[in-house]
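A.B. asks: Quick one: the structure is below, and I'll ask about it shortly.
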Amino acid sequence: MTNGTVTTELDSALEKHRPELTGYCYRMLGSSFEAEDAVQDTLVRAWRSYDKFEGRSSLRSWLYRIATNVCLDMLNAGNKRARPMDLTEATPLAQAALSPRPDHTWLEPMPDARVLPQTADPAEAAVAKESVRLAFMAALQQLPPKQRAVLILREVLAWKASEVAELLGTSVASVNSALQRARATLAERTDRGADAAVSDPLDEEQQKLLERYVAAFEGYDMTALTALLHEDAVMTMPPFDLWLAGPADITGFMTTLGAACAGSRLLPVRANGLPAFAHYKPDPEAGGFSPWAVQVLEISDGRITGFHCFLDTKRWFPLFDLPLRLEAEADEVQ
């Protein structure tokens with residue numbers, strides 16, 4: 001067998017683990033782009049040191065060990081990514097102001113296709129989706145890095161305590177203790193949206209809710225939108241730290257500071273195991289529609305409980321393989 005064949009086979013063997021490693025690093029880091037950087041670093045390290053891989057564990061376990069070390073190194077800076085509601089109190093509409101914070105402040109969205117494994121097991125698929133939802137991701141970011149790793153490996157990926165202990169170079173007792181502490185921390189958090197339950201595929205009620213939402217938003221019908229929002233619904237707009245609570249303030253914002261979004265178009269996407277939309281708003285200068293946000297929706301009990309708009313479209317739209325412009329339809333330009 002030639003060196004070229006060996007290299008090709010190794011590249012293929014490493015590459016097939018990319019989606020699950022990306023999901024793992026994303027849960028660890030809370031950042032789409034940092035997760036992809038961490039996975040690339042992991043695969044490069046594995047490729048370079050493959051001759052030292054002795055096969056005492058599986059290739060998958062070895063890659064997770066490398067990925068964990070990469071993530072722990074990246075987390076040494078101590079930054080905890082968050083949502084706006086993790087940092088400030090809700091702002092009354094009358095005091096609403098758009099104050100941005102640096103990119104590294106925020107929990108970032110992630111396309112489902114990049115982090116969710118292809119599986120025929122509905123239970124496994126459900127756990128994977130629940131573990132990348134925004135509320136759970138935000139809770140994970142509150143854990144110390146090693147507790148975070150233990151919780152993800154044990155609860156999400158269903159590793160045995162002995163396997164996690166070997167990966168981290170510690171004892172089973174230490175792993176079990178870390179898991180208990182992590183569970184206790186998560187149990188203390190009562191996040192909005194944490195109980196959101198979204199079927200896959202969407203059930204008929206959820207599909208109709210989203211259809212009504214698209215009609216209400218594109219028509220900028222605030223009465224119809226109010227009827228779809230839970231009384232405790234929240235709206236966030238990273239990179240701004242402003243967040244709003246309740247239908248009155250949300251729709252009030254949309255008709256004042258957000259009035260330029262009237263006449264927008266929404267394209268469906270999937271992010272964080274939740275329904276999401278690419279939001280394009282009218283471009284009064286060039287015509288057609290320009291990117292404005294990736295919207296991620298949380299749903300519970302037939303209502304929208306979370307309405308999260310990620311505004312840095314130069315970063316998000318390419319990540320989601322979205323066009324950077326929509327042309328006006330023929331009936332709109334006549």
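Every chain in the structure tokens has a letter given in the order shown (A, B, ...), and although residue numbers restart at 1 in each chain, ligands are simply numbered from 1 in the order shown.
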Write out, as JSON lines, each residue of range 30-132 of chain A that has an atom at most 12 Å from range 165-178 of chain A, together with the closest pair of atoms and their distance in Å to one decimal, counting only C-alpha atoms, rows going by chain and rising number.
C.D. replies:
```
{"residue": "A:Arg56", "atom": "CA", "partner": "A:Glu166", "partner_atom": "CA", "distance": 11.3}
{"residue": "A:Ser57", "atom": "CA", "partner": "A:Glu166", "partner_atom": "CA", "distance": 9.7}
{"residue": "A:Ser58", "atom": "CA", "partner": "A:Leu167", "partner_atom": "CA", "distance": 11.5}
{"residue": "A:Arg60", "atom": "CA", "partner": "A:Leu167", "partner_atom": "CA", "distance": 11.2}
{"residue": "A:Ser61", "atom": "CA", "partner": "A:Leu167", "partner_atom": "CA", "distance": 7.5}
{"residue": "A:Trp62", "atom": "CA", "partner": "A:Leu167", "partner_atom": "CA", "distance": 8.0}
{"residue": "A:Leu63", "atom": "CA", "partner": "A:Leu167", "partner_atom": "CA", "distance": 10.0}
{"residue": "A:Tyr64", "atom": "CA", "partner": "A:Leu167", "partner_atom": "CA", "distance": 7.8}
{"residue": "A:Arg65", "atom": "CA", "partner": "A:Leu167", "partner_atom": "CA", "distance": 5.5}
{"residue": "A:Ile66", "atom": "CA", "partner": "A:Leu167", "partner_atom": "CA", "distance": 9.1}
{"residue": "A:Ala67", "atom": "CA", "partner": "A:Leu167", "partner_atom": "CA", "distance": 10.5}
{"residue": "A:Thr68", "atom": "CA", "partner": "A:Leu168", "partner_atom": "CA", "distance": 8.3}
{"residue": "A:Asn69", "atom": "CA", "partner": "A:Leu168", "partner_atom": "CA", "distance": 8.7}
{"residue": "A:Leu72", "atom": "CA", "partner": "A:Leu168", "partner_atom": "CA", "distance": 10.8}
```
A.B. asks: Just want the 9 Å neighbourhood of Cys261 in chain A, counted on only C-alpha atoms, with same-chain residues fewer than 4 positions away dropped. Output as a ChimeraX atom specification.
C.D. replies: /A:217-218,220,254-255,280-282,292
A.B. asks: Please report the interatomic distance between CA of Phe240 in chain A and CA of Arg101 in chain A in Å with one decimal.
C.D. replies: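 A separation of 6.2 Å between them.
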A.B. asks: Restricting the calculation to only C-alpha atoms, which member of A:Gly302, A:Pro291, A:Pro318, A:Pro144 is positioned closest to Met28 in chain A?
C.D. replies: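 Counting only C-alpha atoms, the residue closest to Met28 in chain A is A:Pro144.
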A.B. asks: Give me the residues within 8 Å of His230 in chain A as a PDB file with all heavy atoms, in the first residue's frame, counting only C-alpha atoms and dropping any in the same chain fewer than 2 places off.
C.D. replies:
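Contents of the output file selection_22.pdb:
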```
ATOM      1  N   LEU A 228     -49.596  35.106  18.621  1.00  0.00           N
ATOM      2  CA  LEU A 228     -48.707  33.952  18.542  1.00  0.00           C
ATOM      3  C   LEU A 228     -47.666  33.937  19.655  1.00  0.00           C
ATOM      4  O   LEU A 228     -47.014  32.911  19.878  1.00  0.00           O
ATOM      5  CB  LEU A 228     -47.979  33.941  17.192  1.00  0.00           C
ATOM      6  CG  LEU A 228     -48.865  33.975  15.945  1.00  0.00           C
ATOM      7  CD1 LEU A 228     -47.996  33.979  14.697  1.00  0.00           C
ATOM      8  CD2 LEU A 228     -49.833  32.794  15.921  1.00  0.00           C
ATOM      9  N   ASP A 232     -44.929  35.481  28.278  1.00  0.00           N
ATOM     10  CA  ASP A 232     -43.567  35.663  28.787  1.00  0.00           C
ATOM     11  C   ASP A 232     -42.518  35.617  27.682  1.00  0.00           C
ATOM     12  O   ASP A 232     -41.333  35.415  27.950  1.00  0.00           O
ATOM     13  CB  ASP A 232     -43.243  34.575  29.826  1.00  0.00           C
ATOM     14  CG  ASP A 232     -44.080  34.715  31.081  1.00  0.00           C
ATOM     15  OD1 ASP A 232     -44.415  35.846  31.452  1.00  0.00           O
ATOM     16  OD2 ASP A 232     -44.411  33.671  31.687  1.00  0.00           O
ATOM     17  N   ALA A 233     -42.939  35.791  26.442  1.00  0.00           N
ATOM     18  CA  ALA A 233     -42.002  35.710  25.320  1.00  0.00           C
ATOM     19  C   ALA A 233     -40.886  36.739  25.463  1.00  0.00           C
ATOM     20  O   ALA A 233     -41.089  37.833  26.001  1.00  0.00           O
ATOM     21  CB  ALA A 233     -42.743  35.925  24.002  1.00  0.00           C
ATOM     22  N   GLY A 246     -42.283  40.194  26.801  1.00  0.00           N
ATOM     23  CA  GLY A 246     -43.712  40.409  26.667  1.00  0.00           C
ATOM     24  C   GLY A 246     -44.111  40.915  25.288  1.00  0.00           C
ATOM     25  O   GLY A 246     -43.374  41.673  24.656  1.00  0.00           O
ATOM     26  N   PRO A 247     -45.282  40.481  24.796  1.00  0.00           N
ATOM     27  CA  PRO A 247     -45.728  40.851  23.444  1.00  0.00           C
ATOM     28  C   PRO A 247     -45.822  42.352  23.215  1.00  0.00           C
ATOM     29  O   PRO A 247     -45.488  42.834  22.124  1.00  0.00           O
ATOM     30  CB  PRO A 247     -47.113  40.189  23.345  1.00  0.00           C
ATOM     31  CG  PRO A 247     -47.064  39.048  24.306  1.00  0.00           C
ATOM     32  CD  PRO A 247     -46.206  39.518  25.446  1.00  0.00           C
ATOM     33  N   ARG A 303     -47.240  28.332  21.485  1.00  0.00           N
ATOM     34  CA  ARG A 303     -46.899  29.753  21.364  1.00  0.00           C
ATOM     35  C   ARG A 303     -45.394  29.919  21.198  1.00  0.00           C
ATOM     36  O   ARG A 303     -44.608  29.034  21.539  1.00  0.00           O
ATOM     37  CB  ARG A 303     -47.351  30.527  22.614  1.00  0.00           C
ATOM     38  CG  ARG A 303     -48.863  30.548  22.869  1.00  0.00           C
ATOM     39  CD  ARG A 303     -49.571  31.490  21.910  1.00  0.00           C
ATOM     40  NE  ARG A 303     -50.994  31.566  22.199  1.00  0.00           N
ATOM     41  CZ  ARG A 303     -51.543  32.462  23.043  1.00  0.00           C
ATOM     42  NH1 ARG A 303     -50.755  33.301  23.692  1.00  0.00           N
ATOM     43  NH2 ARG A 303     -52.843  32.471  23.235  1.00  0.00           N
ATOM     44  N   ILE A 304     -44.998  31.081  20.724  1.00  0.00           N
ATOM     45  CA  ILE A 304     -43.582  31.408  20.598  1.00  0.00           C
ATOM     46  C   ILE A 304     -43.115  32.002  21.922  1.00  0.00           C
ATOM     47  O   ILE A 304     -43.667  32.996  22.396  1.00  0.00           O
ATOM     48  CB  ILE A 304     -43.355  32.398  19.443  1.00  0.00           C
ATOM     49  CG1 ILE A 304     -43.704  31.734  18.111  1.00  0.00           C
ATOM     50  CG2 ILE A 304     -41.905  32.898  19.424  1.00  0.00           C
ATOM     51  CD1 ILE A 304     -43.789  32.695  16.945  1.00  0.00           C
ATOM     52  N   THR A 305     -42.111  31.368  22.521  1.00  0.00           N
ATOM     53  CA  THR A 305     -41.594  31.841  23.810  1.00  0.00           C
ATOM     54  C   THR A 305     -40.285  32.598  23.672  1.00  0.00           C
ATOM     55  O   THR A 305     -39.922  33.390  24.547  1.00  0.00           O
ATOM     56  CB  THR A 305     -41.375  30.662  24.775  1.00  0.00           C
ATOM     57  OG1 THR A 305     -40.487  29.718  24.162  1.00  0.00           O
ATOM     58  CG2 THR A 305     -42.686  29.972  25.107  1.00  0.00           C
TER      59      THR A 305
END
```
A.B. asks: Quick one: of A:Leu116, A:Arg81, A:Ala126, A:Ala97, who's nearest to Leu140 in chain A, counting only C-alpha atoms?
C.D. replies: A:Arg81
A.B. asks: If you run DSSP on this backbone, which residues of range 9-253 of chain A come out as strand (DSSP E), and could you give them as a PyMOL selection string?
C.D. replies: chain A and resi 229-237+240-245
A.B. asks: I'd like the contact shell of Leu274 in chain A - 7 Å cut-off, only C-alpha atoms, skipping same-chain residues fewer than 2 positions apart - returned as a PyMOL selection string.
C.D. replies: chain A and resi 133+198+270-272+276+296-298
A.B. asks: Pick out each residue of range 87-128 of chain A that DSSP on the backbone tags as alpha helix (DSSP H); I need them as a PDB file with C-alpha atoms, in the first residue's frame.
C.D. replies:
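Final output, out_25.pdb:
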```pdb
ATOM      1  CA  LEU A  87     -26.204  39.561  31.429  1.00  0.00           C
ATOM      2  CA  ASP A 112     -28.304  21.787  12.492  1.00  0.00           C
ATOM      3  CA  ALA A 113     -26.567  20.138   9.545  1.00  0.00           C
ATOM      4  CA  ARG A 114     -23.112  20.981  10.911  1.00  0.00           C
ATOM      5  CA  VAL A 115     -23.574  19.467  14.375  1.00  0.00           C
ATOM      6  CA  PRO A 122     -35.264   8.814  17.318  1.00  0.00           C
ATOM      7  CA  ALA A 123     -34.214   8.921  20.987  1.00  0.00           C
ATOM      8  CA  GLU A 124     -30.585   9.636  20.075  1.00  0.00           C
ATOM      9  CA  ALA A 125     -31.673  12.320  17.608  1.00  0.00           C
ATOM     10  CA  ALA A 126     -33.899  13.956  20.256  1.00  0.00           C
ATOM     11  CA  VAL A 127     -31.067  14.103  22.816  1.00  0.00           C
ATOM     12  CA  ALA A 128     -28.716  15.599  20.224  1.00  0.00           C
TER      13      ALA A 128
END
```
